[in-house]
$ cat entry.txt   # compact mmCIF, C-alpha atoms
# COMPACT_ATOMS: atom_id res chain seq x y z
CA MET A 211 0.00 0.00 0.00
CA ILE A 212 1.33 3.41 -0.96
CA PRO A 213 1.31 5.81 2.00
CA VAL A 214 -0.61 9.06 1.81
CA PHE A 215 1.21 12.35 2.26
CA PRO A 216 -0.48 15.68 3.03
CA GLU A 217 -0.59 18.24 0.27
CA ASP A 218 1.22 20.83 2.37
CA ILE A 219 4.18 18.47 2.86
CA LEU A 220 4.34 17.77 -0.87
CA HIS A 221 4.03 21.50 -1.58
CA LYS A 222 6.90 22.32 0.81
CA ASN A 223 9.11 19.62 -0.76
CA PRO A 224 8.80 19.96 -4.54
CA GLN A 225 11.58 17.47 -5.34
CA PHE A 226 10.01 14.80 -3.18
CA LYS A 227 6.63 15.65 -4.72
CA ALA A 228 8.01 15.02 -8.22
CA ILE A 229 9.51 11.67 -7.16
CA PHE A 230 6.30 10.65 -5.37
CA GLN A 231 4.13 11.53 -8.35
CA ASP A 232 6.45 9.61 -10.68
CA LEU A 233 6.28 6.54 -8.44
CA THR A 234 2.51 6.60 -8.03
CA THR A 235 1.82 7.41 -11.68
CA ASN A 236 4.45 5.59 -13.71
CA LYS A 237 6.09 2.91 -11.60
CA LEU A 238 3.68 1.66 -8.90
CA ASN A 239 0.04 0.68 -8.69
CA TYR A 240 -2.26 1.74 -5.85
CA ASP A 241 -1.37 -1.46 -3.95
CA ALA A 242 2.37 -0.73 -4.34
CA SER A 243 2.80 -3.39 -7.03
CA THR A 244 5.18 -2.49 -9.84
CA ARG A 245 4.21 -1.19 -13.28
CA LEU A 246 6.80 -2.84 -15.48
CA SER A 247 7.09 -3.04 -19.23
CA HIS A 248 5.54 -5.94 -21.12
CA GLU A 249 8.71 -8.02 -20.98
CA GLY A 250 9.30 -7.18 -17.36
CA ALA A 251 5.68 -7.92 -16.50
CA LYS A 252 5.85 -11.26 -18.30
CA GLU A 253 9.04 -12.18 -16.49
CA SER A 254 7.49 -11.15 -13.19
CA GLN A 255 4.41 -13.24 -13.95
CA ASP A 256 6.60 -16.26 -14.74
CA VAL A 257 8.42 -15.84 -11.46
CA ASP A 258 5.10 -15.53 -9.64
CA LYS A 259 3.82 -18.69 -11.33
CA ARG A 260 6.93 -20.66 -10.41
CA LEU A 261 6.77 -19.34 -6.87
CA THR A 262 3.09 -20.25 -6.64
CA ALA A 263 3.79 -23.74 -7.97
CA LEU A 264 6.56 -24.24 -5.44
CA ARG A 265 4.31 -23.04 -2.66
CA GLU A 266 1.57 -25.42 -3.81
CA ASP A 267 4.00 -28.34 -3.93
CA LEU A 268 5.30 -27.46 -0.50
CA ALA A 269 1.77 -27.22 0.88
CA LYS A 270 0.80 -30.55 -0.71
CA ASN A 271 3.92 -32.20 0.65
CA LYS A 272 3.22 -30.82 4.10
CA ILE A 273 -0.41 -31.98 4.02
CA ILE A 274 0.58 -35.45 2.81
CA ARG A 275 3.24 -35.78 5.50
CA GLN A 276 0.82 -34.68 8.21
CA ARG A 277 -2.00 -36.95 7.06
CA LEU A 278 0.40 -39.80 6.42
CA ILE A 279 1.22 -39.88 10.11
CA HIS A 280 -2.48 -40.39 10.88
CA THR A 281 -2.68 -43.38 8.51
CA LEU A 282 0.07 -45.38 10.22
CA ASP A 283 -2.38 -47.16 12.53
CA GLU A 284 -4.23 -48.63 9.53
CA LEU A 285 -1.06 -50.01 7.86
CA PRO A 286 1.02 -53.11 8.62
CA ALA A 287 3.80 -52.78 11.15
CA ASP A 288 6.65 -53.37 8.69
CA LEU A 289 5.18 -50.78 6.30
CA ARG A 290 4.83 -48.28 9.15
CA GLU A 291 8.48 -48.82 9.98
CA VAL A 292 9.50 -48.13 6.38
CA ILE A 293 7.32 -44.98 6.33
CA ASP A 294 9.04 -43.74 9.50
CA LEU A 295 12.41 -44.35 7.87
CA TYR A 296 11.26 -42.53 4.73
CA LEU A 297 10.06 -39.49 6.68
CA SER A 298 13.22 -39.41 8.77
CA ALA A 299 15.32 -39.64 5.63
CA GLN A 300 13.49 -36.71 4.09
CA ASP A 301 14.00 -34.63 7.22
CA SER A 302 17.70 -35.45 7.51
CA GLY A 303 18.49 -35.64 3.80
CA ALA A 304 19.60 -39.28 4.03
CA VAL A 305 18.95 -41.96 1.39
CA LEU A 306 16.92 -45.11 2.00
CA ARG A 307 18.40 -48.48 1.34
CA LYS A 308 17.34 -50.10 -1.88
CA ASP A 309 15.41 -52.90 -0.22
CA ASP A 310 13.56 -50.40 2.02
CA GLU A 311 12.82 -48.23 -0.98
CA ALA A 312 11.57 -51.24 -2.95
CA PHE A 313 9.37 -52.31 -0.05
CA PHE A 314 8.04 -48.74 0.23
CA LEU A 315 7.18 -48.70 -3.49
CA GLU A 316 5.44 -52.07 -3.20
CA GLY A 317 3.27 -50.79 -0.35
CA LEU A 318 2.59 -47.47 -2.08
CA PRO A 319 -0.88 -48.50 -3.43
CA LEU A 320 -1.98 -49.42 0.08
CA ILE A 321 -0.58 -46.17 1.43
CA CYS A 322 -2.31 -44.16 -1.30
CA LYS A 323 -5.60 -45.89 -0.66
CA SER A 324 -5.50 -45.13 3.06
CA LEU A 325 -4.24 -41.61 2.45
CA ASN A 326 -6.90 -40.99 -0.20
CA LYS A 327 -9.59 -42.03 2.25
CA ILE A 328 -8.39 -39.58 4.89
CA LEU A 329 -7.97 -36.75 2.38
CA ILE A 330 -11.50 -37.30 1.05
CA GLU A 331 -12.85 -37.16 4.59
CA ASP A 332 -10.91 -33.95 5.22
CA ALA A 333 -12.18 -32.46 1.96
CA ALA A 334 -15.75 -33.38 2.88
CA ASP A 335 -15.35 -31.78 6.31
CA LEU A 336 -13.83 -28.68 4.78
CA ALA A 337 -16.61 -28.48 2.18
CA GLY A 338 -19.18 -28.88 4.94
CA MET A 339 -17.66 -26.00 6.90
CA CYS A 340 -17.35 -23.73 3.86
CA GLY A 341 -20.49 -24.70 1.97
CA ASP A 342 -23.20 -24.21 4.61
CA GLY A 343 -23.54 -27.91 5.38
CA ASP A 344 -22.90 -29.17 1.84
CA ALA A 345 -20.26 -31.90 2.28
CA ASN A 346 -19.57 -32.38 -1.44
CA PRO A 347 -15.81 -31.98 -2.01
CA SER A 348 -16.41 -31.08 -5.68
CA THR A 349 -17.78 -27.69 -4.56
CA LEU A 350 -14.51 -26.71 -2.89
CA PRO A 351 -12.89 -25.07 -5.97
CA ALA A 352 -15.90 -22.82 -6.54
CA ILE A 353 -16.10 -21.97 -2.84
CA VAL A 354 -12.38 -21.20 -2.68
CA ALA A 355 -12.60 -19.03 -5.81
CA SER A 356 -15.54 -17.13 -4.35
CA ARG A 357 -13.75 -16.68 -1.04
CA LEU A 358 -10.60 -15.47 -2.80
CA SER A 359 -12.62 -12.97 -4.84
CA HIS A 360 -14.33 -11.75 -1.70
CA LEU A 361 -10.96 -11.53 0.06
CA HIS A 362 -9.57 -9.46 -2.81
CA THR A 363 -12.56 -7.12 -2.61
CA CYS A 364 -12.15 -6.81 1.14
CA ARG A 365 -8.47 -5.99 0.72
CA GLU A 366 -9.27 -3.25 -1.77
CA THR A 367 -11.95 -1.88 0.55
CA LEU A 368 -9.53 -2.04 3.45
CA HIS A 369 -6.95 -0.21 1.37
CA HIS A 370 -9.39 2.61 0.61
CA LEU A 371 -10.50 2.75 4.24
CA ARG A 372 -6.89 2.98 5.35
CA GLN A 373 -6.27 5.81 2.93
CA GLN A 374 -9.35 7.64 4.21
CA SER A 375 -8.31 7.02 7.81
CA ILE A 376 -4.82 8.34 7.13
CA GLN A 377 -6.25 11.38 5.36
CA HIS A 378 -8.60 12.05 8.28
CA SER A 379 -5.71 11.64 10.72
CA ILE A 380 -3.64 14.10 8.73
CA THR A 381 -6.51 16.59 8.67
CA LEU A 382 -7.09 16.13 12.39
CA THR A 383 -3.39 16.64 13.10
CA ALA A 384 -3.38 19.83 11.04
CA LEU A 385 -6.43 21.13 12.89
CA HIS A 386 -4.85 20.24 16.22
CA ARG A 387 -1.66 22.03 15.23
CA GLN A 388 -3.67 25.08 14.17
CA LEU A 389 -5.58 24.99 17.45
CA LEU A 390 -2.36 24.89 19.46
CA SER A 391 -0.91 27.76 17.44
CA THR A 392 -4.04 29.86 17.95
CA THR A 393 -4.08 29.05 21.67
CA ILE A 394 -0.44 30.08 22.05
CA GLN A 395 -1.10 33.32 20.18
CA LEU A 396 -4.07 34.11 22.40
CA ILE A 397 -2.05 33.39 25.54
CA GLU A 398 0.79 35.60 24.33
CA ARG A 399 -1.64 38.39 23.47
CA GLN A 400 -3.37 38.06 26.81
CA LYS A 401 -0.16 38.04 28.81
CA HIS A 402 2.27 40.12 26.75
CA GLY A 403 0.08 41.84 24.17
CA ILE A 404 -1.00 45.46 23.81
CA PRO A 405 -4.19 45.08 25.93
CA SER A 406 -2.19 43.50 28.74
CA ARG A 407 0.44 46.23 28.67
CA ALA A 408 -2.27 48.90 28.54
CA ALA A 409 -4.03 47.37 31.54
CA LYS A 410 -0.78 47.25 33.51
CA ALA A 411 0.01 50.88 32.63
CA GLN A 412 -3.48 51.95 33.63
CA ALA A 413 -3.15 50.08 36.92
CA ARG A 414 0.15 51.82 37.66
CA HIS A 415 -1.39 55.18 36.75
CA LEU A 416 -4.35 54.58 39.07
CA ALA A 417 -1.98 53.59 41.87
CA LEU A 418 -0.04 56.84 41.46
CA VAL A 419 -3.28 58.85 41.38
CA SER A 420 -4.44 57.10 44.55
CA ASP A 421 -1.16 57.88 46.32
CA SER A 422 -1.35 61.53 45.28
CA LEU A 423 -4.97 61.81 46.48
CA GLU A 424 -4.00 60.27 49.80
CA GLY A 425 -1.23 62.83 50.26
CA LYS A 426 -3.55 65.67 49.27
CA LEU A 427 -6.17 64.53 51.80
CA LYS A 428 -3.55 64.44 54.54
CA ILE A 429 -2.52 68.01 53.68
CA ILE A 430 -6.17 69.16 53.71
CA LEU A 431 -6.68 67.48 57.10
CA LEU A 432 -3.64 69.21 58.57
CA GLU A 433 -4.73 72.59 57.16
CA THR A 434 -8.25 72.12 58.52
CA LEU A 435 -6.90 71.25 61.95
CA GLU A 436 -4.62 74.27 61.84
CA ARG A 437 -7.48 76.63 60.91
CA THR A 438 -9.85 75.12 63.47
CA TYR A 439 -7.51 75.03 66.46
CA ASP A 440 -5.84 78.47 66.33
CA ALA A 441 -4.23 80.16 69.36
CA GLU A 442 -7.44 81.80 70.62
CA THR A 443 -9.44 78.61 70.31
CA VAL A 444 -6.78 76.61 72.11
CA ALA A 445 -6.67 79.23 74.92
CA ALA A 446 -10.47 79.24 75.21
CA LEU A 447 -10.57 75.46 75.32
CA ALA A 448 -7.89 75.45 78.01
CA PHE A 449 -9.86 78.00 80.08
CA TYR A 450 -13.05 76.03 79.63
CA LYS A 451 -11.21 72.90 80.69
CA GLU A 452 -10.12 74.59 83.90
CA HIS A 453 -13.70 75.76 84.49
CA LEU A 454 -15.00 72.22 83.99
CA GLU A 455 -12.43 70.81 86.38
CA ASP A 456 -13.38 73.45 89.01
CA ALA A 457 -17.09 72.71 88.54
CA LYS A 458 -16.34 69.03 88.83
CA ALA A 459 -14.53 69.63 92.12
CA ARG A 460 -17.41 71.73 93.51
CA ALA A 461 -19.90 69.09 92.45
CA ARG A 462 -17.89 66.45 94.24
CA LYS A 463 -17.92 68.60 97.39
CA ARG A 464 -21.71 69.07 97.20
CA VAL A 465 -22.20 65.36 96.71
CA ALA A 466 -20.03 64.63 99.72
CA LYS A 467 -21.93 67.21 101.82
CA SER A 468 -25.30 65.81 100.73
CA GLU A 469 -24.19 62.30 101.52
CA ALA A 470 -23.08 63.47 105.00
CA GLU A 471 -26.40 65.24 105.63
CA LEU A 472 -28.27 62.18 104.45
CA ALA A 473 -26.30 60.00 106.78
CA GLU A 474 -26.96 62.43 109.64
CA TYR A 475 -30.67 62.53 108.79
CA GLU A 476 -30.88 58.78 108.74
CA GLY A 477 -29.28 58.75 112.18
CA PHE A 478 -32.22 60.56 113.89
CA GLY A 479 -34.54 57.56 113.64
CA GLU A 480 -38.19 57.01 112.79
CA GLN A 481 -39.58 59.75 115.07
CA MET A 482 -37.60 62.42 113.32
CA LYS A 483 -38.77 61.12 109.97
CA ARG A 484 -42.42 61.33 111.09
CA ASP A 485 -41.93 64.90 112.39
CA VAL A 486 -40.37 65.93 109.14
CA ALA A 487 -43.25 64.35 107.26
CA ARG A 488 -45.81 66.23 109.40
CA TYR A 489 -43.86 69.43 108.94
CA ALA A 490 -43.83 68.91 105.20
CA LYS A 491 -47.58 68.19 105.34
CA LEU A 492 -48.17 71.43 107.25
CA LEU A 493 -46.13 73.38 104.74
CA GLU A 494 -48.18 71.84 101.97
CA ASP A 495 -51.45 72.78 103.74
CA ILE A 496 -50.16 76.34 104.29
CA ASP A 497 -49.36 76.64 100.61
CA LYS A 498 -52.82 75.41 99.67
CA THR A 499 -54.47 77.87 102.11
CA ARG A 500 -52.46 80.76 100.70
CA ALA A 501 -53.48 79.72 97.23
CA ASP A 502 -57.16 79.68 98.26
CA ILE A 503 -56.82 83.13 99.86
CA ARG A 504 -55.28 84.54 96.72
CA ARG A 505 -58.03 82.97 94.66
CA LEU A 506 -60.73 84.41 96.95
CA ARG A 507 -59.16 87.84 96.86
CA GLY A 508 -59.15 87.71 93.13
CA SER A 509 -62.85 86.84 93.10
CA VAL A 510 -63.71 89.75 95.46
CA ASP A 511 -61.79 92.24 93.36
CA ASP A 512 -63.71 91.17 90.31
$ encode --input "entry.txt" --output "structure tokens"
Amino acid sequence: MIPVFPEDILHKNPQFKAIFQDLTTNKLNYDASTRLSHEGAKESQDVDKRLTALREDLAKNKIIRQRLIHTLDELPADLREVIDLYLSAQDSGAVLRKDDEAFFLEGLPLICKSLNKILIEDAADLAGMCGDGDANPSTLPAIVASRLSHLHTCRETLHHLRQQSIQHSITLTALHRQLLSTTIQLIERQKHGIPSRAAKAQARHLALVSDSLEGKLKIILLETLERTYDAETVAALAFYKEHLEDAKARARKRVAKSEAELAEYEGFGEQMKRDVARYAKLLEDIDKTRADIRRLRGSVDD
């Protein structure tokens, strides 16, 4: 199978593109088989035929050797011994003795009969497996031809599917590469681009403005304090402070005096309290009487 190369790679490598086009157009088929001249193709076909024949002979020999081992139980003991010698000689490259070879040739019809029986049974089993239950060995060539044709079609389909898969993979890789490139560009713009630098400069500018405003507010505060607390105001506040302290001292003295009088009053007992209450009641009655007199005088004058 000829590999698929992206168009951008071929475009970036014109010499390789020319070689690749020459190979795919003039020298190779789609399945990577060669496109030779008539003589070369004929020679290649002859080689393929000889190779196929050798492979068939090798396969037949292998099948016969394998099935021949299974026929030993149905043959006489002396013939089995000769067959073992024959197989060992083929494996080691040795040569049988003439009498053993003659005995082997004499028993060859019996061997062929037994071997033919087993091969027919195998062919029937194989035909039954391949022919949907039909155990007729004569249908094997048609079944094999149909299977080979189907296999060839499947290989061609697989080849096209592989090419499509490779092409899709190449496209996906290109898209992934483009996505990574775009992502890197966006990250660089976000971190080191003009908007990022502008935002950083604006942040530094705002920080400087904030510092200057803070200093200005401190100056305004100091000026306000200086205008509010001038010398006269400070002197007045100091005088008022002294007055408050003096008033506080006098209040403390009055509180102490009142507490002493209260303690002295509480020391006179219940009798004194009752006398004071009666005296207060008399004062209240006197005040009421005076109020009535004033009211009566007002009525007479009217």
$ atom_distance --input "entry.txt" --atom1 "CA of Ser356 in chain A" --atom2 "CA of Ser254 in chain A"
25.4 Å
$ atom_distance --input "entry.txt" --atom1 "CA of Asn346 in chain A" --atom2 "CA of Ala333 in chain A"
8.1 Å
$ atom_distance --input "entry.txt" --atom1 "CA of Leu336 in chain A" --atom2 "CA of Thr349 in chain A"
10.2 Å
$ closest_residue --input "entry.txt" --among "A:Ile404, A:Ala269, A:Ile380, A:Ala352" --to "Ile219 in chain A" --atoms "all atoms listed in the file"
A:Ile380
$ axis_aligned_box --input "entry.txt" --around "range 464-471 of chain A" --padding-each-side "3 Å" --output "lines of an AutoDock Vina configuration file"
center_x = -23.2
center_y = 65.7
center_z = 101.2
size_x = 12.4
size_y = 12.8
size_z = 14.9
$ decode --input "entry.txt" --residues "range 306-338 of chain A" --atoms "N, CA and C atoms" --output "compact mmCIF listing (two decimals), in the first residue's frame"
# COMPACT_ATOMS: atom_id res chain seq x y z
N LEU A 306 17.36 -43.80 1.56
CA LEU A 306 16.92 -45.11 2.00
C LEU A 306 17.74 -46.22 1.31
N ARG A 307 17.79 -47.32 1.98
CA ARG A 307 18.40 -48.48 1.34
C ARG A 307 17.51 -48.98 0.21
N LYS A 308 18.09 -49.67 -0.70
CA LYS A 308 17.34 -50.10 -1.88
C LYS A 308 16.21 -51.05 -1.52
N ASP A 309 16.48 -51.96 -0.58
CA ASP A 309 15.41 -52.90 -0.22
C ASP A 309 14.28 -52.18 0.50
N ASP A 310 14.62 -51.18 1.36
CA ASP A 310 13.56 -50.40 2.02
C ASP A 310 12.78 -49.57 1.01
N GLU A 311 13.51 -49.03 0.04
CA GLU A 311 12.82 -48.23 -0.98
C GLU A 311 11.92 -49.11 -1.83
N ALA A 312 12.39 -50.32 -2.16
CA ALA A 312 11.57 -51.24 -2.95
C ALA A 312 10.33 -51.66 -2.17
N PHE A 313 10.53 -51.93 -0.88
CA PHE A 313 9.37 -52.31 -0.05
C PHE A 313 8.38 -51.15 0.07
N PHE A 314 8.90 -49.93 0.15
CA PHE A 314 8.04 -48.74 0.23
C PHE A 314 7.23 -48.58 -1.06
N LEU A 315 7.89 -48.83 -2.21
CA LEU A 315 7.18 -48.70 -3.49
C LEU A 315 6.13 -49.80 -3.64
N GLU A 316 6.43 -51.00 -3.13
CA GLU A 316 5.44 -52.07 -3.20
C GLU A 316 4.20 -51.75 -2.36
N GLY A 317 4.42 -51.12 -1.21
CA GLY A 317 3.27 -50.79 -0.35
C GLY A 317 2.64 -49.45 -0.67
N LEU A 318 3.11 -48.80 -1.74
CA LEU A 318 2.59 -47.47 -2.08
C LEU A 318 1.10 -47.48 -2.42
N PRO A 319 0.58 -48.50 -3.18
CA PRO A 319 -0.88 -48.50 -3.43
C PRO A 319 -1.71 -48.55 -2.15
N LEU A 320 -1.25 -49.35 -1.19
CA LEU A 320 -1.98 -49.42 0.08
C LEU A 320 -1.91 -48.08 0.83
N ILE A 321 -0.73 -47.48 0.77
CA ILE A 321 -0.58 -46.17 1.43
C ILE A 321 -1.47 -45.13 0.76
N CYS A 322 -1.49 -45.14 -0.57
CA CYS A 322 -2.31 -44.16 -1.30
C CYS A 322 -3.79 -44.36 -1.02
N LYS A 323 -4.20 -45.62 -0.93
CA LYS A 323 -5.60 -45.89 -0.66
C LYS A 323 -6.01 -45.34 0.71
N SER A 324 -5.19 -45.62 1.72
CA SER A 324 -5.50 -45.13 3.06
C SER A 324 -5.41 -43.60 3.12
N LEU A 325 -4.40 -43.06 2.45
CA LEU A 325 -4.24 -41.61 2.45
C LEU A 325 -5.37 -40.92 1.70
N ASN A 326 -5.79 -41.55 0.59
CA ASN A 326 -6.90 -40.99 -0.20
C ASN A 326 -8.19 -40.97 0.62
N LYS A 327 -8.40 -41.98 1.40
CA LYS A 327 -9.59 -42.03 2.25
C LYS A 327 -9.60 -40.87 3.25
N ILE A 328 -8.46 -40.65 3.88
CA ILE A 328 -8.39 -39.58 4.89
C ILE A 328 -8.52 -38.21 4.23
N LEU A 329 -7.89 -38.04 3.06
CA LEU A 329 -7.97 -36.75 2.38
C LEU A 329 -9.39 -36.46 1.91
N ILE A 330 -10.10 -37.50 1.46
CA ILE A 330 -11.50 -37.30 1.05
C ILE A 330 -12.35 -36.90 2.26
N GLU A 331 -12.11 -37.53 3.38
CA GLU A 331 -12.85 -37.16 4.59
C GLU A 331 -12.54 -35.70 4.99
N ASP A 332 -11.27 -35.34 4.89
CA ASP A 332 -10.91 -33.95 5.22
C ASP A 332 -11.56 -32.97 4.25
N ALA A 333 -11.56 -33.34 2.95
CA ALA A 333 -12.18 -32.46 1.96
C ALA A 333 -13.68 -32.33 2.21
N ALA A 334 -14.32 -33.44 2.59
CA ALA A 334 -15.75 -33.38 2.88
C ALA A 334 -16.02 -32.50 4.10
N ASP A 335 -15.18 -32.64 5.13
CA ASP A 335 -15.35 -31.78 6.31
C ASP A 335 -15.13 -30.31 5.97
N LEU A 336 -14.11 -30.06 5.17
CA LEU A 336 -13.83 -28.68 4.78
C LEU A 336 -14.96 -28.11 3.92
N ALA A 337 -15.49 -28.94 3.00
CA ALA A 337 -16.61 -28.48 2.18
C ALA A 337 -17.84 -28.24 3.04
N GLY A 338 -18.05 -29.09 4.05
CA GLY A 338 -19.18 -28.88 4.94
C GLY A 338 -19.06 -27.59 5.73
